[in-house]
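Undergrad: Take this structure first; my questions come after.
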Amino acid sequence: MGAYAASVIRARIERAAPPPPFTYRHQGSLATIGRNNAVADLGWITLTGWSAWLVWSVAHIFFLIGFRSRIVVALDWLWAYVTFRRGARIILAESTGATANSRSVQQAAQA
């Protein structure tokens, strides 16, 4: 899409004929369901289970920008897979109010 937009802008600047209309080509749908499970609908083939999960992971690494990013993400995912590490889903910040309230509740329970 970006290349098409650039060619339209270039044609307008150069006062040339515009390129043919943009047509979207759907490459397929990928979705993970969990560890070792996914679905992949590529149009010409539909995969489920581990094979779809492998296609999903390879596709996501392939579309990363830069060789170094691909290697880092691949190694991080491999380590997470081998060690059963779960990713952080939320970030909690400790606040002084919450700590003070939890301490007063503990003190009241001990009394």
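By order in the structure tokens, chains are A, B, ...; within a chain, residues start at 1; ligands start at 1, following the order shown.
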Output as a VMD selection string all residues of chain A that backbone DSSP marks as alpha helix (DSSP H).

TA: chain A and resid 2 to 13 50 to 62 67 to 83 96 to 110

Undergrad: Which neighbours of stretch 63-77 of chain A fall inside 12 Å, counting only C-alpha atoms, when residues of the same chain fewer than 5 positions from it are skipped, and could you give them as an mmCIF file with C-alpha atoms, in the first residue's frame?

TA:
```cif
data_model
loop_
_atom_site.group_PDB
_atom_site.id
_atom_site.type_symbol
_atom_site.label_atom_id
_atom_site.label_comp_id
_atom_site.auth_asym_id
_atom_site.auth_seq_id
_atom_site.Cartn_x
_atom_site.Cartn_y
_atom_site.Cartn_z
ATOM 1 C CA ARG A 35 0.721 -23.128 23.012
ATOM 2 C CA LEU A 54 4.670 -23.094 13.217
ATOM 3 C CA TRP A 56 2.227 -18.362 12.353
ATOM 4 C CA SER A 57 5.535 -18.042 14.210
ATOM 5 C CA VAL A 58 7.662 -18.156 11.035
ATOM 6 C CA VAL A 82 11.604 -24.212 26.178
ATOM 7 C CA THR A 83 11.269 -22.758 29.696
ATOM 8 C CA PHE A 84 7.463 -22.437 29.615
ATOM 9 C CA ARG A 85 7.871 -18.735 30.426
ATOM 10 C CA ARG A 86 4.675 -16.762 30.247
ATOM 11 C CA GLY A 87 4.696 -13.211 28.980
#
```

Undergrad: Can you list, as a PyMOL selection string, all residues belonging to stretch 22-72 of chain A that DSSP tags as strand (DSSP E or B)?

TA: chain A and resi 29-34+37-41+46-48

Undergrad: Take the selection from the previous step and output its residues with all heavy atoms, as a JSON list (two decimals), in the first residue's frame.

TA:
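Okay, again_13.json is ready:
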```json
[["chain", "number", "residue", "atom", "x", "y", "z"],
["A", 29, "SER", "N", -5.18, -15.54, 6.65],
["A", 29, "SER", "CA", -5.45, -15.22, 8.05],
["A", 29, "SER", "C", -4.71, -16.20, 8.94],
["A", 29, "SER", "O", -4.69, -17.40, 8.70],
["A", 29, "SER", "CB", -6.95, -15.32, 8.32],
["A", 29, "SER", "OG", -7.66, -14.42, 7.53],
["A", 30, "LEU", "N", -4.10, -15.64, 9.99],
["A", 30, "LEU", "CA", -3.38, -16.45, 10.97],
["A", 30, "LEU", "C", -3.84, -16.06, 12.37],
["A", 30, "LEU", "O", -4.02, -14.88, 12.66],
["A", 30, "LEU", "CB", -1.87, -16.20, 10.87],
["A", 30, "LEU", "CG", -1.19, -16.47, 9.54],
["A", 30, "LEU", "CD1", 0.24, -15.95, 9.57],
["A", 30, "LEU", "CD2", -1.19, -17.95, 9.26],
["A", 31, "ALA", "N", -4.03, -17.06, 13.22],
["A", 31, "ALA", "CA", -4.41, -16.77, 14.61],
["A", 31, "ALA", "C", -3.89, -17.88, 15.51],
["A", 31, "ALA", "O", -3.99, -19.06, 15.17],
["A", 31, "ALA", "CB", -5.92, -16.67, 14.74],
["A", 32, "THR", "N", -3.33, -17.49, 16.65],
["A", 32, "THR", "CA", -2.90, -18.49, 17.63],
["A", 32, "THR", "C", -4.04, -18.76, 18.59],
["A", 32, "THR", "O", -4.83, -17.88, 18.92],
["A", 32, "THR", "CB", -1.67, -18.03, 18.42],
["A", 32, "THR", "OG1", -1.99, -16.82, 19.09],
["A", 32, "THR", "CG2", -0.48, -17.83, 17.53],
["A", 33, "ILE", "N", -4.10, -19.98, 19.04],
["A", 33, "ILE", "CA", -5.13, -20.38, 19.99],
["A", 33, "ILE", "C", -4.50, -20.67, 21.34],
["A", 33, "ILE", "O", -5.11, -20.54, 22.37],
["A", 33, "ILE", "CB", -5.90, -21.62, 19.46],
["A", 33, "ILE", "CG1", -6.57, -21.26, 18.15],
["A", 33, "ILE", "CG2", -6.90, -22.13, 20.47],
["A", 33, "ILE", "CD1", -7.15, -22.43, 17.42],
["A", 34, "GLY", "N", -3.26, -21.03, 21.35],
["A", 34, "GLY", "CA", -2.55, -21.33, 22.58],
["A", 34, "GLY", "C", -1.20, -21.90, 22.25],
["A", 34, "GLY", "O", -0.73, -21.82, 21.12],
["A", 37, "ASN", "N", -0.99, -24.47, 19.25],
["A", 37, "ASN", "CA", -2.25, -24.50, 18.52],
["A", 37, "ASN", "C", -2.50, -23.19, 17.81],
["A", 37, "ASN", "O", -2.32, -22.11, 18.39],
["A", 37, "ASN", "CB", -3.43, -24.78, 19.45],
["A", 37, "ASN", "CG", -3.49, -26.22, 19.86],
["A", 37, "ASN", "OD1", -3.37, -27.10, 19.01],
["A", 37, "ASN", "ND2", -3.67, -26.47, 21.14],
["A", 38, "ALA", "N", -2.92, -23.29, 16.57],
["A", 38, "ALA", "CA", -3.24, -22.11, 15.78],
["A", 38, "ALA", "C", -4.10, -22.53, 14.60],
["A", 38, "ALA", "O", -4.31, -23.72, 14.36],
["A", 38, "ALA", "CB", -1.96, -21.43, 15.29],
["A", 39, "VAL", "N", -4.59, -21.53, 13.88],
["A", 39, "VAL", "CA", -5.27, -21.77, 12.61],
["A", 39, "VAL", "C", -4.62, -20.88, 11.57],
["A", 39, "VAL", "O", -4.24, -19.75, 11.85],
["A", 39, "VAL", "CB", -6.79, -21.50, 12.69],
["A", 39, "VAL", "CG1", -7.48, -22.53, 13.55],
["A", 39, "VAL", "CG2", -7.08, -20.11, 13.20],
["A", 40, "ALA", "N", -4.48, -21.41, 10.37],
["A", 40, "ALA", "CA", -3.89, -20.66, 9.27],
["A", 40, "ALA", "C", -4.73, -20.93, 8.03],
["A", 40, "ALA", "O", -4.86, -22.07, 7.59],
["A", 40, "ALA", "CB", -2.45, -21.07, 9.03],
["A", 41, "ASP", "N", -5.33, -19.87, 7.49],
["A", 41, "ASP", "CA", -6.10, -19.97, 6.26],
["A", 41, "ASP", "C", -5.38, -19.14, 5.22],
["A", 41, "ASP", "O", -5.46, -17.92, 5.23],
["A", 41, "ASP", "CB", -7.52, -19.47, 6.48],
["A", 41, "ASP", "CG", -8.37, -19.57, 5.22],
["A", 41, "ASP", "OD1", -7.92, -20.20, 4.25],
["A", 41, "ASP", "OD2", -9.48, -19.00, 5.22],
["A", 46, "THR", "N", -5.59, -24.74, 4.26],
["A", 46, "THR", "CA", -5.99, -24.41, 5.63],
["A", 46, "THR", "C", -5.30, -25.38, 6.57],
["A", 46, "THR", "O", -5.37, -26.59, 6.38],
["A", 46, "THR", "CB", -7.52, -24.51, 5.78],
["A", 46, "THR", "OG1", -8.14, -23.61, 4.87],
["A", 46, "THR", "CG2", -7.95, -24.15, 7.20],
["A", 47, "LEU", "N", -4.63, -24.82, 7.57],
["A", 47, "LEU", "CA", -3.90, -25.64, 8.54],
["A", 47, "LEU", "C", -4.46, -25.39, 9.93],
["A", 47, "LEU", "O", -4.93, -24.30, 10.24],
["A", 47, "LEU", "CB", -2.42, -25.30, 8.53],
["A", 47, "LEU", "CG", -1.67, -25.45, 7.21],
["A", 47, "LEU", "CD1", -0.29, -24.84, 7.32],
["A", 47, "LEU", "CD2", -1.57, -26.91, 6.84],
["A", 48, "THR", "N", -4.37, -26.40, 10.77],
["A", 48, "THR", "CA", -4.75, -26.26, 12.18],
["A", 48, "THR", "C", -3.72, -26.97, 13.03],
["A", 48, "THR", "O", -2.95, -27.79, 12.54],
["A", 48, "THR", "CB", -6.15, -26.87, 12.46],
["A", 48, "THR", "OG1", -6.11, -28.25, 12.12],
["A", 48, "THR", "CG2", -7.24, -26.16, 11.67]]
```

Undergrad: Smallest atom-to-atom distance to A:Asn36: which of A:Trp79, A:Trp50, A:Phe62, A:Phe22, using only C-alpha atoms?

TA: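 Closest candidate: A:Trp50.
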